[in-house]
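With PDB, C-alpha atoms inside, this is run-v4.pdb:
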```
ATOM      1  CA  MET A   1     -34.385  -7.655  27.935
ATOM      2  CA  THR A   2     -37.444  -7.926  25.757
ATOM      3  CA  GLU A   3     -36.432  -9.922  22.701
ATOM      4  CA  LYS A   4     -39.374 -11.322  20.841
ATOM      5  CA  PRO A   5     -39.451 -15.031  19.935
ATOM      6  CA  VAL A   6     -40.379 -15.483  16.314
ATOM      7  CA  LYS A   7     -43.809 -16.990  15.708
ATOM      8  CA  SER A   8     -44.200 -19.933  13.409
ATOM      9  CA  GLY A   9     -45.254 -18.654  10.018
ATOM     10  CA  SER A  10     -43.268 -15.401  10.122
ATOM     11  CA  THR A  11     -41.570 -14.799   6.798
ATOM     12  CA  GLY A  12     -37.842 -15.265   6.378
ATOM     13  CA  VAL A  13     -37.144 -16.655   9.828
ATOM     14  CA  ARG A  14     -36.993 -20.150  11.282
ATOM     15  CA  GLU A  15     -38.990 -21.487  14.222
ATOM     16  CA  GLY A  16     -37.368 -20.556  17.521
ATOM     17  CA  GLU A  17     -35.256 -17.678  16.215
ATOM     18  CA  ILE A  18     -35.226 -14.574  18.390
ATOM     19  CA  ARG A  19     -35.833 -11.023  17.220
ATOM     20  CA  SER A  20     -34.072  -8.035  18.746
ATOM     21  CA  GLN A  21     -36.112  -5.419  20.569
ATOM     22  CA  ARG A  22     -34.978  -3.167  17.685
ATOM     23  CA  ASP A  23     -35.462  -3.466  13.926
ATOM     24  CA  PRO A  24     -32.940  -1.288  12.084
ATOM     25  CA  ALA A  25     -34.936  -1.674   8.855
ATOM     26  CA  HIS A  26     -37.573   0.573  10.442
ATOM     27  CA  GLU A  27     -35.232   3.120  12.018
ATOM     28  CA  ASN A  28     -33.739   6.258  10.512
ATOM     29  CA  GLY A  29     -30.172   5.137  11.091
ATOM     30  CA  ASP A  30     -27.079   6.806  12.517
ATOM     31  CA  ALA A  31     -25.114   7.226   9.268
ATOM     32  CA  HIS A  32     -25.558   6.569   5.572
ATOM     33  CA  VAL A  33     -23.682   4.516   3.005
ATOM     34  CA  VAL A  34     -23.421   5.172  -0.711
ATOM     35  CA  PHE A  35     -23.108   2.321  -3.179
ATOM     36  CA  ILE A  36     -19.844   2.522  -5.153
ATOM     37  CA  GLY A  37     -20.731  -0.159  -7.711
ATOM     38  CA  ARG A  38     -22.208  -3.630  -8.072
ATOM     39  CA  ILE A  39     -21.208  -7.292  -7.963
ATOM     40  CA  ARG A  40     -22.039  -9.187 -11.149
ATOM     41  CA  SER A  41     -22.507 -12.921 -10.647
ATOM     42  CA  PRO A  42     -24.288 -15.891 -12.229
ATOM     43  CA  TRP A  43     -26.724 -16.056  -9.252
ATOM     44  CA  GLN A  44     -30.098 -14.501 -10.072
ATOM     45  CA  GLU A  45     -32.099 -15.932  -7.148
ATOM     46  CA  ARG A  46     -31.170 -16.384  -3.508
ATOM     47  CA  SER A  47     -31.825 -20.125  -3.812
ATOM     48  CA  GLU A  48     -29.001 -20.389  -6.388
ATOM     49  CA  CYS A  49     -26.400 -18.596  -4.262
ATOM     50  CA  PRO A  50     -23.556 -20.652  -2.796
ATOM     51  CA  LYS A  51     -23.703 -20.654   1.024
ATOM     52  CA  ASN A  52     -20.219 -19.213   1.379
ATOM     53  CA  MET A  53     -17.060 -18.402  -0.550
ATOM     54  CA  ARG A  54     -15.686 -21.921  -0.250
ATOM     55  CA  GLN A  55     -18.781 -23.345  -1.915
ATOM     56  CA  ALA A  56     -18.708 -20.471  -4.431
ATOM     57  CA  ARG A  57     -15.241 -21.515  -5.587
ATOM     58  CA  GLU A  58     -16.454 -25.088  -6.108
ATOM     59  CA  LYS A  59     -19.739 -24.140  -7.801
ATOM     60  CA  ILE A  60     -18.546 -21.328 -10.043
ATOM     61  CA  THR A  61     -20.029 -21.731 -13.515
ATOM     62  CA  GLY A  62     -19.646 -18.299 -15.076
ATOM     63  CA  ALA A  63     -17.638 -15.141 -14.910
ATOM     64  CA  CYS A  64     -17.872 -12.938 -11.829
ATOM     65  CA  HIS A  65     -16.831  -9.342 -11.779
ATOM     66  CA  LEU A  66     -17.242  -6.028 -10.006
ATOM     67  CA  GLU A  67     -18.470  -2.871 -11.744
ATOM     68  CA  ILE A  68     -17.211   0.308 -10.089
ATOM     69  CA  ASP A  69     -19.073   3.568 -10.698
ATOM     70  CA  GLU A  70     -17.234   6.248 -12.667
ATOM     71  CA  ALA A  71     -16.775   8.680  -9.767
ATOM     72  CA  TRP A  72     -14.733   6.093  -7.844
ATOM     73  CA  ARG A  73     -12.615   4.545 -10.624
ATOM     74  CA  PRO A  74      -9.510   6.667  -9.903
ATOM     75  CA  GLY A  75      -9.550   4.938  -6.494
ATOM     76  CA  LEU A  76      -8.535   1.665  -8.184
ATOM     77  CA  THR A  77      -5.023   3.002  -8.872
ATOM     78  CA  GLY A  78      -2.477   0.632  -7.355
ATOM     79  CA  LEU A  79      -4.571  -2.548  -7.501
ATOM     80  CA  ALA A  80      -3.418  -5.313  -9.866
ATOM     81  CA  ALA A  81      -4.402  -8.768 -11.078
ATOM     82  CA  GLY A  82      -3.280 -11.374  -8.550
ATOM     83  CA  ASP A  83      -3.925  -9.123  -5.540
ATOM     84  CA  TYR A  84      -6.254 -10.282  -2.773
ATOM     85  CA  LEU A  85      -9.032  -7.862  -1.965
ATOM     86  CA  HIS A  86     -11.638  -7.654   0.782
ATOM     87  CA  ILE A  87     -14.964  -6.647  -0.709
ATOM     88  CA  LEU A  88     -17.709  -5.211   1.493
ATOM     89  CA  TYR A  89     -21.221  -5.416   0.095
ATOM     90  CA  TRP A  90     -24.764  -4.653   1.166
ATOM     91  CA  MET A  91     -27.127  -7.606   1.490
ATOM     92  CA  HIS A  92     -30.092  -5.533   0.447
ATOM     93  CA  GLN A  93     -32.638  -8.367   0.659
ATOM     94  CA  ALA A  94     -31.789  -9.451   4.222
ATOM     95  CA  ARG A  95     -33.863  -8.634   7.291
ATOM     96  CA  ARG A  96     -32.033  -6.929  10.164
ATOM     97  CA  ASP A  97     -33.781  -7.881  13.396
ATOM     98  CA  ILE A  98     -32.885 -11.529  14.122
ATOM     99  CA  VAL A  99     -30.365 -11.534  16.949
ATOM    100  CA  LEU A 100     -30.353 -15.280  17.763
ATOM    101  CA  GLN A 101     -30.401 -17.504  14.699
ATOM    102  CA  LYS A 102     -30.672 -21.162  13.874
ATOM    103  CA  PRO A 103     -28.425 -22.040  10.936
ATOM    104  CA  ARG A 104     -29.592 -25.123   9.012
ATOM    105  CA  HIS A 105     -26.560 -27.180  10.035
ATOM    106  CA  ARG A 106     -26.820 -26.425  13.770
ATOM    107  CA  GLU A 107     -28.994 -27.736  16.578
ATOM    108  CA  THR A 108     -28.843 -24.702  18.857
ATOM    109  CA  LEU A 109     -29.396 -20.976  18.551
ATOM    110  CA  ALA A 110     -26.317 -18.909  17.739
ATOM    111  CA  GLY A 111     -25.785 -15.178  18.194
ATOM    112  CA  VAL A 112     -25.671 -13.132  15.007
ATOM    113  CA  PHE A 113     -22.133 -11.925  15.826
ATOM    114  CA  SER A 114     -20.862 -15.526  15.945
ATOM    115  CA  LEU A 115     -22.198 -16.118  12.404
ATOM    116  CA  ARG A 116     -21.529 -14.780   8.907
ATOM    117  CA  SER A 117     -25.263 -14.827   8.109
ATOM    118  CA  PRO A 118     -26.513 -12.037   5.803
ATOM    119  CA  VAL A 119     -29.228 -11.375   8.394
ATOM    120  CA  ARG A 120     -27.655  -8.857  10.823
ATOM    121  CA  PRO A 121     -28.345  -5.345  12.156
ATOM    122  CA  ASN A 122     -26.208  -3.857   9.387
ATOM    123  CA  PRO A 123     -26.298  -6.252   6.430
ATOM    124  CA  VAL A 124     -22.691  -5.633   5.383
ATOM    125  CA  ALA A 125     -21.074  -8.828   4.108
ATOM    126  CA  MET A 126     -17.341  -9.274   3.674
ATOM    127  CA  ALA A 127     -15.465 -11.623   1.365
ATOM    128  CA  LEU A 128     -11.848 -12.097   0.411
ATOM    129  CA  VAL A 129     -11.454 -12.454  -3.366
ATOM    130  CA  ARG A 130      -8.562 -12.615  -5.809
ATOM    131  CA  ILE A 131      -8.420 -10.081  -8.633
ATOM    132  CA  THR A 132      -8.174 -11.881 -11.990
ATOM    133  CA  SER A 133      -8.207  -8.730 -14.160
ATOM    134  CA  ILE A 134      -8.676  -5.005 -13.649
ATOM    135  CA  ASP A 135      -9.418  -2.080 -15.963
ATOM    136  CA  PRO A 136      -9.644   1.236 -14.082
ATOM    137  CA  ALA A 137     -10.924   3.019 -17.223
ATOM    138  CA  THR A 138     -14.138   0.955 -17.332
ATOM    139  CA  GLY A 139     -14.232   0.081 -13.630
ATOM    140  CA  ILE A 140     -14.403  -3.656 -14.373
ATOM    141  CA  ILE A 141     -12.585  -5.937 -11.904
ATOM    142  CA  GLY A 142     -12.591  -9.674 -12.608
ATOM    143  CA  ILE A 143     -12.710 -11.782  -9.420
ATOM    144  CA  ASP A 144     -12.248 -15.505  -8.853
ATOM    145  CA  ALA A 145     -15.620 -16.189  -7.211
ATOM    146  CA  THR A 146     -18.529 -14.728  -5.264
ATOM    147  CA  ASP A 147     -21.433 -16.045  -3.211
ATOM    148  CA  ALA A 148     -23.435 -12.836  -3.763
ATOM    149  CA  LEU A 149     -26.554 -12.300  -5.858
ATOM    150  CA  ASP A 150     -26.110 -10.569  -9.194
ATOM    151  CA  GLN A 151     -26.406  -6.758  -8.787
ATOM    152  CA  THR A 152     -25.531  -6.775  -5.078
ATOM    153  CA  PRO A 153     -24.386  -3.230  -4.180
ATOM    154  CA  LEU A 154     -20.752  -2.667  -3.187
ATOM    155  CA  VAL A 155     -19.826  -0.536  -0.187
ATOM    156  CA  ASP A 156     -16.013  -0.746  -0.091
ATOM    157  CA  LEU A 157     -12.871  -2.462  -1.387
ATOM    158  CA  LYS A 158      -9.832  -2.896   0.867
ATOM    159  CA  PRO A 159      -6.437  -4.443   0.157
ATOM    160  CA  TYR A 160      -5.608  -7.643   2.084
ATOM    161  CA  LEU A 161      -2.667  -6.925   4.391
ATOM    162  CA  PRO A 162      -1.250 -10.045   6.081
ATOM    163  CA  SER A 163       0.340  -7.975   8.868
ATOM    164  CA  ILE A 164      -3.079  -6.910  10.173
ATOM    165  CA  ASP A 165      -5.565  -9.335   8.559
ATOM    166  CA  HIS A 166      -4.090 -12.636   9.763
ATOM    167  CA  PRO A 167      -4.111 -13.785  13.417
ATOM    168  CA  SER A 168      -0.372 -14.472  13.394
ATOM    169  CA  GLY A 169       0.369 -11.077  11.845
ATOM    170  CA  GLY A 170       2.091 -12.465   8.771
TER     171      GLY A 170
ATOM    172  CA  MET B   1     -13.796  12.328 -15.617
ATOM    173  CA  THR B   2     -13.879  15.480 -13.606
ATOM    174  CA  GLU B   3     -11.976  14.790 -10.414
ATOM    175  CA  LYS B   4     -10.940  17.964  -8.657
ATOM    176  CA  PRO B   5      -7.310  18.428  -7.576
ATOM    177  CA  VAL B   6      -7.132  19.601  -3.986
ATOM    178  CA  LYS B   7      -5.971  23.173  -3.505
ATOM    179  CA  SER B   8      -3.210  23.939  -1.059
ATOM    180  CA  GLY B   9      -4.784  25.060   2.198
ATOM    181  CA  SER B  10      -7.838  22.778   2.026
ATOM    182  CA  THR B  11      -8.483  21.216   5.406
ATOM    183  CA  GLY B  12      -7.726  17.563   6.047
ATOM    184  CA  VAL B  13      -6.073  16.810   2.740
ATOM    185  CA  ARG B  14      -2.500  16.899   1.462
ATOM    186  CA  GLU B  15      -1.175  18.856  -1.519
ATOM    187  CA  GLY B  16      -1.786  16.969  -4.753
ATOM    188  CA  GLU B  17      -4.533  14.695  -3.485
ATOM    189  CA  ILE B  18      -7.499  14.278  -5.820
ATOM    190  CA  ARG B  19     -11.158  14.621  -4.874
ATOM    191  CA  SER B  20     -13.870  12.552  -6.456
ATOM    192  CA  GLN B  21     -16.543  14.250  -8.523
ATOM    193  CA  ARG B  22     -18.869  13.046  -5.697
ATOM    194  CA  ASP B  23     -18.816  13.764  -1.966
ATOM    195  CA  PRO B  24     -20.889  11.160  -0.089
ATOM    196  CA  ALA B  25     -20.851  13.357   3.029
ATOM    197  CA  HIS B  26     -23.221  15.685   1.191
ATOM    198  CA  GLU B  27     -25.467  13.064  -0.379
ATOM    199  CA  ASN B  28     -28.561  11.381   1.045
ATOM    200  CA  GLY B  29     -27.092   7.898   0.718
ATOM    201  CA  ASP B  30     -28.414   4.596  -0.618
ATOM    202  CA  ALA B  31     -28.849   2.778   2.719
ATOM    203  CA  HIS B  32     -28.447   3.468   6.422
ATOM    204  CA  VAL B  33     -26.396   1.918   9.193
ATOM    205  CA  VAL B  34     -27.247   1.797  12.882
ATOM    206  CA  PHE B  35     -24.520   1.866  15.506
ATOM    207  CA  ILE B  36     -24.543  -1.289  17.645
ATOM    208  CA  GLY B  37     -22.114  -0.026  20.284
ATOM    209  CA  ARG B  38     -18.800   1.762  20.740
ATOM    210  CA  ILE B  39     -15.072   1.084  20.886
ATOM    211  CA  ARG B  40     -13.448   2.246  24.124
ATOM    212  CA  SER B  41      -9.745   3.016  23.782
ATOM    213  CA  PRO B  42      -7.034   5.138  25.400
ATOM    214  CA  TRP B  43      -6.901   7.398  22.303
ATOM    215  CA  GLN B  44      -8.794  10.661  22.837
ATOM    216  CA  GLU B  45      -7.378  12.620  19.886
ATOM    217  CA  ARG B  46      -6.632  11.549  16.325
ATOM    218  CA  SER B  47      -2.986  12.555  16.815
ATOM    219  CA  GLU B  48      -2.631   9.905  19.548
ATOM    220  CA  CYS B  49      -4.067   7.040  17.478
ATOM    221  CA  PRO B  50      -1.685   4.331  16.292
ATOM    222  CA  LYS B  51      -1.469   4.272  12.486
ATOM    223  CA  ASN B  52      -2.584   0.661  12.246
ATOM    224  CA  MET B  53      -3.227  -2.446  14.325
ATOM    225  CA  ARG B  54       0.429  -3.519  14.282
ATOM    226  CA  GLN B  55       1.459  -0.223  15.852
ATOM    227  CA  ALA B  56      -1.550  -0.436  18.209
ATOM    228  CA  ARG B  57      -0.275  -3.729  19.623
ATOM    229  CA  GLU B  58       3.152  -2.161  20.264
ATOM    230  CA  LYS B  59       1.809   1.088  21.697
ATOM    231  CA  ILE B  60      -1.017  -0.220  23.853
ATOM    232  CA  THR B  61      -0.943   1.452  27.271
ATOM    233  CA  GLY B  62      -4.427   0.882  28.646
ATOM    234  CA  ALA B  63      -7.373  -1.419  28.436
ATOM    235  CA  CYS B  64      -9.403  -1.536  25.235
ATOM    236  CA  HIS B  65     -12.889  -2.898  25.057
ATOM    237  CA  LEU B  66     -16.104  -2.871  23.080
ATOM    238  CA  GLU B  67     -19.457  -1.832  24.573
ATOM    239  CA  ILE B  68     -22.409  -3.456  22.823
ATOM    240  CA  ASP B  69     -25.855  -1.858  23.162
ATOM    241  CA  GLU B  70     -28.476  -3.824  25.086
ATOM    242  CA  ALA B  71     -30.687  -4.641  22.110
ATOM    243  CA  TRP B  72     -27.821  -6.542  20.433
ATOM    244  CA  ARG B  73     -26.272  -8.377  23.406
ATOM    245  CA  PRO B  74     -28.073 -11.685  22.758
ATOM    246  CA  GLY B  75     -26.158 -11.675  19.446
ATOM    247  CA  LEU B  76     -22.908 -12.305  21.362
ATOM    248  CA  THR B  77     -23.981 -15.880  22.183
ATOM    249  CA  GLY B  78     -21.324 -18.287  20.954
ATOM    250  CA  LEU B  79     -18.347 -15.905  21.136
ATOM    251  CA  ALA B  80     -15.636 -16.691  23.691
ATOM    252  CA  ALA B  81     -12.349 -15.328  25.047
ATOM    253  CA  GLY B  82      -9.512 -16.357  22.739
ATOM    254  CA  ASP B  83     -11.634 -16.077  19.573
ATOM    255  CA  TYR B  84     -10.512 -13.797  16.739
ATOM    256  CA  LEU B  85     -13.116 -11.294  15.647
ATOM    257  CA  HIS B  86     -13.388  -8.859  12.746
ATOM    258  CA  ILE B  87     -14.755  -5.562  13.977
ATOM    259  CA  LEU B  88     -16.300  -3.075  11.547
ATOM    260  CA  TYR B  89     -16.474   0.508  12.758
ATOM    261  CA  TRP B  90     -17.482   3.903  11.449
ATOM    262  CA  MET B  91     -14.707   6.493  11.146
ATOM    263  CA  HIS B  92     -17.078   9.330  11.879
ATOM    264  CA  GLN B  93     -14.474  12.083  11.684
ATOM    265  CA  ALA B  94     -13.112  11.162   8.248
ATOM    266  CA  ARG B  95     -13.942  12.972   5.019
ATOM    267  CA  ARG B  96     -15.299  10.845   2.170
ATOM    268  CA  ASP B  97     -14.337  12.511  -1.107
ATOM    269  CA  ILE B  98     -10.579  11.912  -1.592
ATOM    270  CA  VAL B  99     -10.177   9.256  -4.260
ATOM    271  CA  LEU B 100      -6.414   9.534  -4.876
ATOM    272  CA  GLN B 101      -4.385   9.927  -1.701
ATOM    273  CA  LYS B 102      -0.805  10.582  -0.689
ATOM    274  CA  PRO B 103       0.087   8.564   2.398
ATOM    275  CA  ARG B 104       2.921  10.084   4.411
ATOM    276  CA  HIS B 105       5.297   7.214   3.660
ATOM    277  CA  ARG B 106       4.751   7.210  -0.114
ATOM    278  CA  GLU B 107       6.031   9.354  -2.980
ATOM    279  CA  THR B 108       3.157   8.793  -5.391
ATOM    280  CA  LEU B 109      -0.626   9.033  -5.311
ATOM    281  CA  ALA B 110      -2.457   5.828  -4.420
ATOM    282  CA  GLY B 111      -6.103   4.945  -5.036
ATOM    283  CA  VAL B 112      -8.315   4.821  -1.949
ATOM    284  CA  PHE B 113      -9.156   1.158  -2.635
ATOM    285  CA  SER B 114      -5.472   0.202  -2.488
ATOM    286  CA  LEU B 115      -5.197   1.765   0.988
ATOM    287  CA  ARG B 116      -6.666   1.168   4.451
ATOM    288  CA  SER B 117      -6.985   4.920   5.031
ATOM    289  CA  PRO B 118      -9.995   6.053   7.118
ATOM    290  CA  VAL B 119     -10.741   8.553   4.335
ATOM    291  CA  ARG B 120     -12.978   6.634   1.875
ATOM    292  CA  PRO B 121     -16.450   6.925   0.309
ATOM    293  CA  ASN B 122     -17.909   4.837   3.119
ATOM    294  CA  PRO B 123     -15.698   5.289   6.198
ATOM    295  CA  VAL B 124     -16.074   1.704   7.423
ATOM    296  CA  ALA B 125     -12.831   0.441   8.946
ATOM    297  CA  MET B 126     -12.096  -3.200   9.612
ATOM    298  CA  ALA B 127      -9.730  -4.740  12.159
ATOM    299  CA  LEU B 128      -8.995  -8.250  13.344
ATOM    300  CA  VAL B 129      -8.842  -8.398  17.145
ATOM    301  CA  ARG B 130      -8.573 -11.115  19.753
ATOM    302  CA  ILE B 131     -11.252 -11.350  22.446
ATOM    303  CA  THR B 132      -9.635 -11.267  25.906
ATOM    304  CA  SER B 133     -12.896 -11.394  27.893
ATOM    305  CA  ILE B 134     -16.606 -11.298  27.155
ATOM    306  CA  ASP B 135     -19.711 -10.689  29.268
ATOM    307  CA  PRO B 136     -22.907 -10.855  27.197
ATOM    308  CA  ALA B 137     -24.978  -9.577  30.159
ATOM    309  CA  THR B 138     -23.204  -6.190  30.192
ATOM    310  CA  GLY B 139     -22.142  -6.216  26.545
ATOM    311  CA  ILE B 140     -18.484  -5.676  27.455
ATOM    312  CA  ILE B 141     -15.914  -7.402  25.241
ATOM    313  CA  GLY B 142     -12.241  -7.024  26.151
ATOM    314  CA  ILE B 143      -9.965  -6.890  23.077
ATOM    315  CA  ASP B 144      -6.197  -7.065  22.727
ATOM    316  CA  ALA B 145      -5.698  -3.724  20.930
ATOM    317  CA  THR B 146      -7.284  -1.074  18.742
ATOM    318  CA  ASP B 147      -6.110   1.823  16.603
ATOM    319  CA  ALA B 148      -9.505   3.562  16.874
ATOM    320  CA  LEU B 149     -10.429   6.732  18.746
ATOM    321  CA  ASP B 150     -12.306   6.308  22.012
ATOM    322  CA  GLN B 151     -16.092   6.239  21.375
ATOM    323  CA  THR B 152     -15.786   5.183  17.729
ATOM    324  CA  PRO B 153     -19.163   3.688  16.718
ATOM    325  CA  LEU B 154     -19.350  -0.029  15.915
ATOM    326  CA  VAL B 155     -21.219  -1.301  12.852
ATOM    327  CA  ASP B 156     -20.681  -5.072  13.001
ATOM    328  CA  LEU B 157     -18.774  -7.976  14.562
ATOM    329  CA  LYS B 158     -17.960 -11.088  12.517
ATOM    330  CA  PRO B 159     -16.158 -14.289  13.506
ATOM    331  CA  TYR B 160     -12.809 -14.935  11.804
ATOM    332  CA  LEU B 161     -13.125 -18.058   9.635
ATOM    333  CA  PRO B 162      -9.801 -19.267   8.191
ATOM    334  CA  SER B 163     -11.565 -21.182   5.392
ATOM    335  CA  ILE B 164     -12.836 -17.954   3.843
ATOM    336  CA  ASP B 165     -10.731 -15.180   5.432
ATOM    337  CA  HIS B 166      -7.266 -16.408   4.503
ATOM    338  CA  PRO B 167      -5.928 -16.485   0.923
ATOM    339  CA  SER B 168      -4.921 -20.119   1.167
ATOM    340  CA  GLY B 169      -8.327 -21.079   2.594
ATOM    341  CA  GLY B 170      -6.939 -22.508   5.806
TER     342      GLY B 170
END
```
Translate this structure into structure tokens?
Amino acid sequence: MTEKPVKSGSTGVREGEIRSQRDPAHENGDAHVVFIGRIRSPWQERSECPKNMRQAREKITGACHLEIDEAWRPGLTGLAAGDYLHILYWMHQARRDIVLQKPRHRETLAGVFSLRSPVRPNPVAMALVRITSIDPATGIIGIDATDALDQTPLVDLKPYLPSIDHPSGG
Amino acid sequence: MTEKPVKSGSTGVREGEIRSQRDPAHENGDAHVVFIGRIRSPWQERSECPKNMRQAREKITGACHLEIDEAWRPGLTGLAAGDYLHILYWMHQARRDIVLQKPRHRETLAGVFSLRSPVRPNPVAMALVRITSIDPATGIIGIDATDALDQTPLVDLKPYLPSIDHPSGG
């Protein structure tokens, strides 16, 4: 293998982190995603963002919602306030080539697939949220919290199904 | 809105299903994904695939595993047999334009975002699996079951974290 150790002074990475031999940001890709809407949140800068959904629920200071583009609004049929929803979103500011990472709270390097870091080969983040309101006509879905930057693009919404989404199957 | 009702005889859709005014399969896309590996399963045809992970666990007749490409294998550091893992994969055979769908077991049309159907604007599927074995050197990860076709491309692996992945936060 030929991973490249990151040099001190590289932007957006921490000393000792390891780059992959590939950087998807500079490849053509194998398939394409379309953005179906946006997350609206109080967080305008990455430094303001909660580190995860747990912290987001503690820190929440303003309304969060999703805005779904018109072409996809009929797809909201069947969702209701109170439902839990997985949201998939595109971390458009994250680099994609760091395969071994050093989270701030850890001493040792951890593989990207053992972390929920936004930095990953495909920067798709996933969060479980609760719907607080929904209006299919305008495409506005109120949610209880988010750790995402304002205007983060949405890739998918999926219902939470305990039979397949929980280790015990229920 | 200008959704188009599906005509009888269209391929891959059921009578009464509604197409979006957009078809992402024929758009350039807003971002690109790279495939990080493949799912290996006993299912060679879509007709053989279990309908969901619950049925997959009942039906399983052969070994399932993931094959991770060499460039991404260092990213497996920190994962171990017994861990639960979300896998994100690309349903490369699914169409992307059906916004109101009629699942076989339902009487009425349901919005794509209230379903886990492979047919969606971005055909990213998500399943929670248990790691049965892992060898970072070869990139082979044994998993307990899958409902995916053999050779389905992988997009991401994420650790299951009860504090953010379960409605009760634990």
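The two atoms in question, atom CA of Met91 of chain A and atom CA of Glu70 of chain A, are spaced 22.1 Å apart.
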Practice item. List the neighbours of Met53 of chain A out to 12 Å using only C-alpha atoms; skip same-chain residues closer than 5 positions along the sequence, and give me the result as a list in words. Key: Glu58, Lys59, Ile60, Ile87, Arg116, Ala125, Met126, Ala127, Leu128, Val129, Arg130, Ile143, Asp144, Ala145, Thr146, Asp147 and Ala148 of chain A; Leu161, Pro162, Ser163, Ile164, Asp165, His166, Pro167 and Gly169 of chain B
Point to revise | Expected answer as an NGL selection string: chain A residues within 8 Å of chain B, all atoms listed in the file | key: :A and (1 or 3 or 20-22 or 24 or 28-36 or 52-54 or 70-72 or 74-79 or 84 or 99-100 or 110-116 or 121-122 or 124 or 127-128 or 155-159 or 163-167 or 169)
Exercise for review: Please measure the separation of atom CA of Gly139 of chain A and atom CA of Ala56 of chain A, giving the value in Å to one decimal.
Suggested key: 23.0 Å
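Straight-line separation from atom CA of Ala81 of chain A to atom CA of Gly142 of chain A: 8.4 Å.
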Check your understanding: If we count all atoms listed in the file, what is near Glu107 of chain A at a cut-off of 12 Å, once residues fewer than 4 positions away on the same chain are taken out, given as a list in words?
Key -> Gly16, Glu17, Gln101, Lys102 and Pro103 of chain A
Output file for the residues above (C-alpha atoms, as a tab-separated table (two decimals), in the frame of the given file):
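Final file, again_7.tsv:
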```tsv
chain	number	residue	atom	x	y	z
A	16	GLY	CA	-37.37	-20.56	17.52
A	17	GLU	CA	-35.26	-17.68	16.22
A	101	GLN	CA	-30.40	-17.50	14.70
A	102	LYS	CA	-30.67	-21.16	13.87
A	103	PRO	CA	-28.42	-22.04	10.94
```
Report, as JSON, the centre and edge lengths in Å (one decimal) of the axis-aligned box enclosing every listed atom of segment 55-60 of chain B, padded by 5 Å on each side.
```
{"center_x": 0.8, "center_y": -1.3, "center_z": 19.9, "size_x": 14.7, "size_y": 14.8, "size_z": 18.0}
```
Point to revise | Residue members of the PyMOL selection byres ((chain B and resi 63-67) around 6) in the file shown, as a VMD selection string | key: chain B and resid 37 to 41 62 68 139 to 143
Same residues, C-alpha atoms, output as a compact mmCIF listing (two decimals), in the coordinates of the input:
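The file below, part_13.txt, is the result:
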```
# COMPACT_ATOMS: atom_id res chain seq x y z
CA GLY B 37 -22.11 -0.03 20.28
CA ARG B 38 -18.80 1.76 20.74
CA ILE B 39 -15.07 1.08 20.89
CA ARG B 40 -13.45 2.25 24.12
CA SER B 41 -9.74 3.02 23.78
CA GLY B 62 -4.43 0.88 28.65
CA ILE B 68 -22.41 -3.46 22.82
CA GLY B 139 -22.14 -6.22 26.54
CA ILE B 140 -18.48 -5.68 27.46
CA ILE B 141 -15.91 -7.40 25.24
CA GLY B 142 -12.24 -7.02 26.15
CA ILE B 143 -9.96 -6.89 23.08
```
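Nearest residue to Ile134 of chain A among A:Arg95, A:Glu15, A:Gly82, A:Ser47 is A:Gly82, counting only C-alpha atoms.
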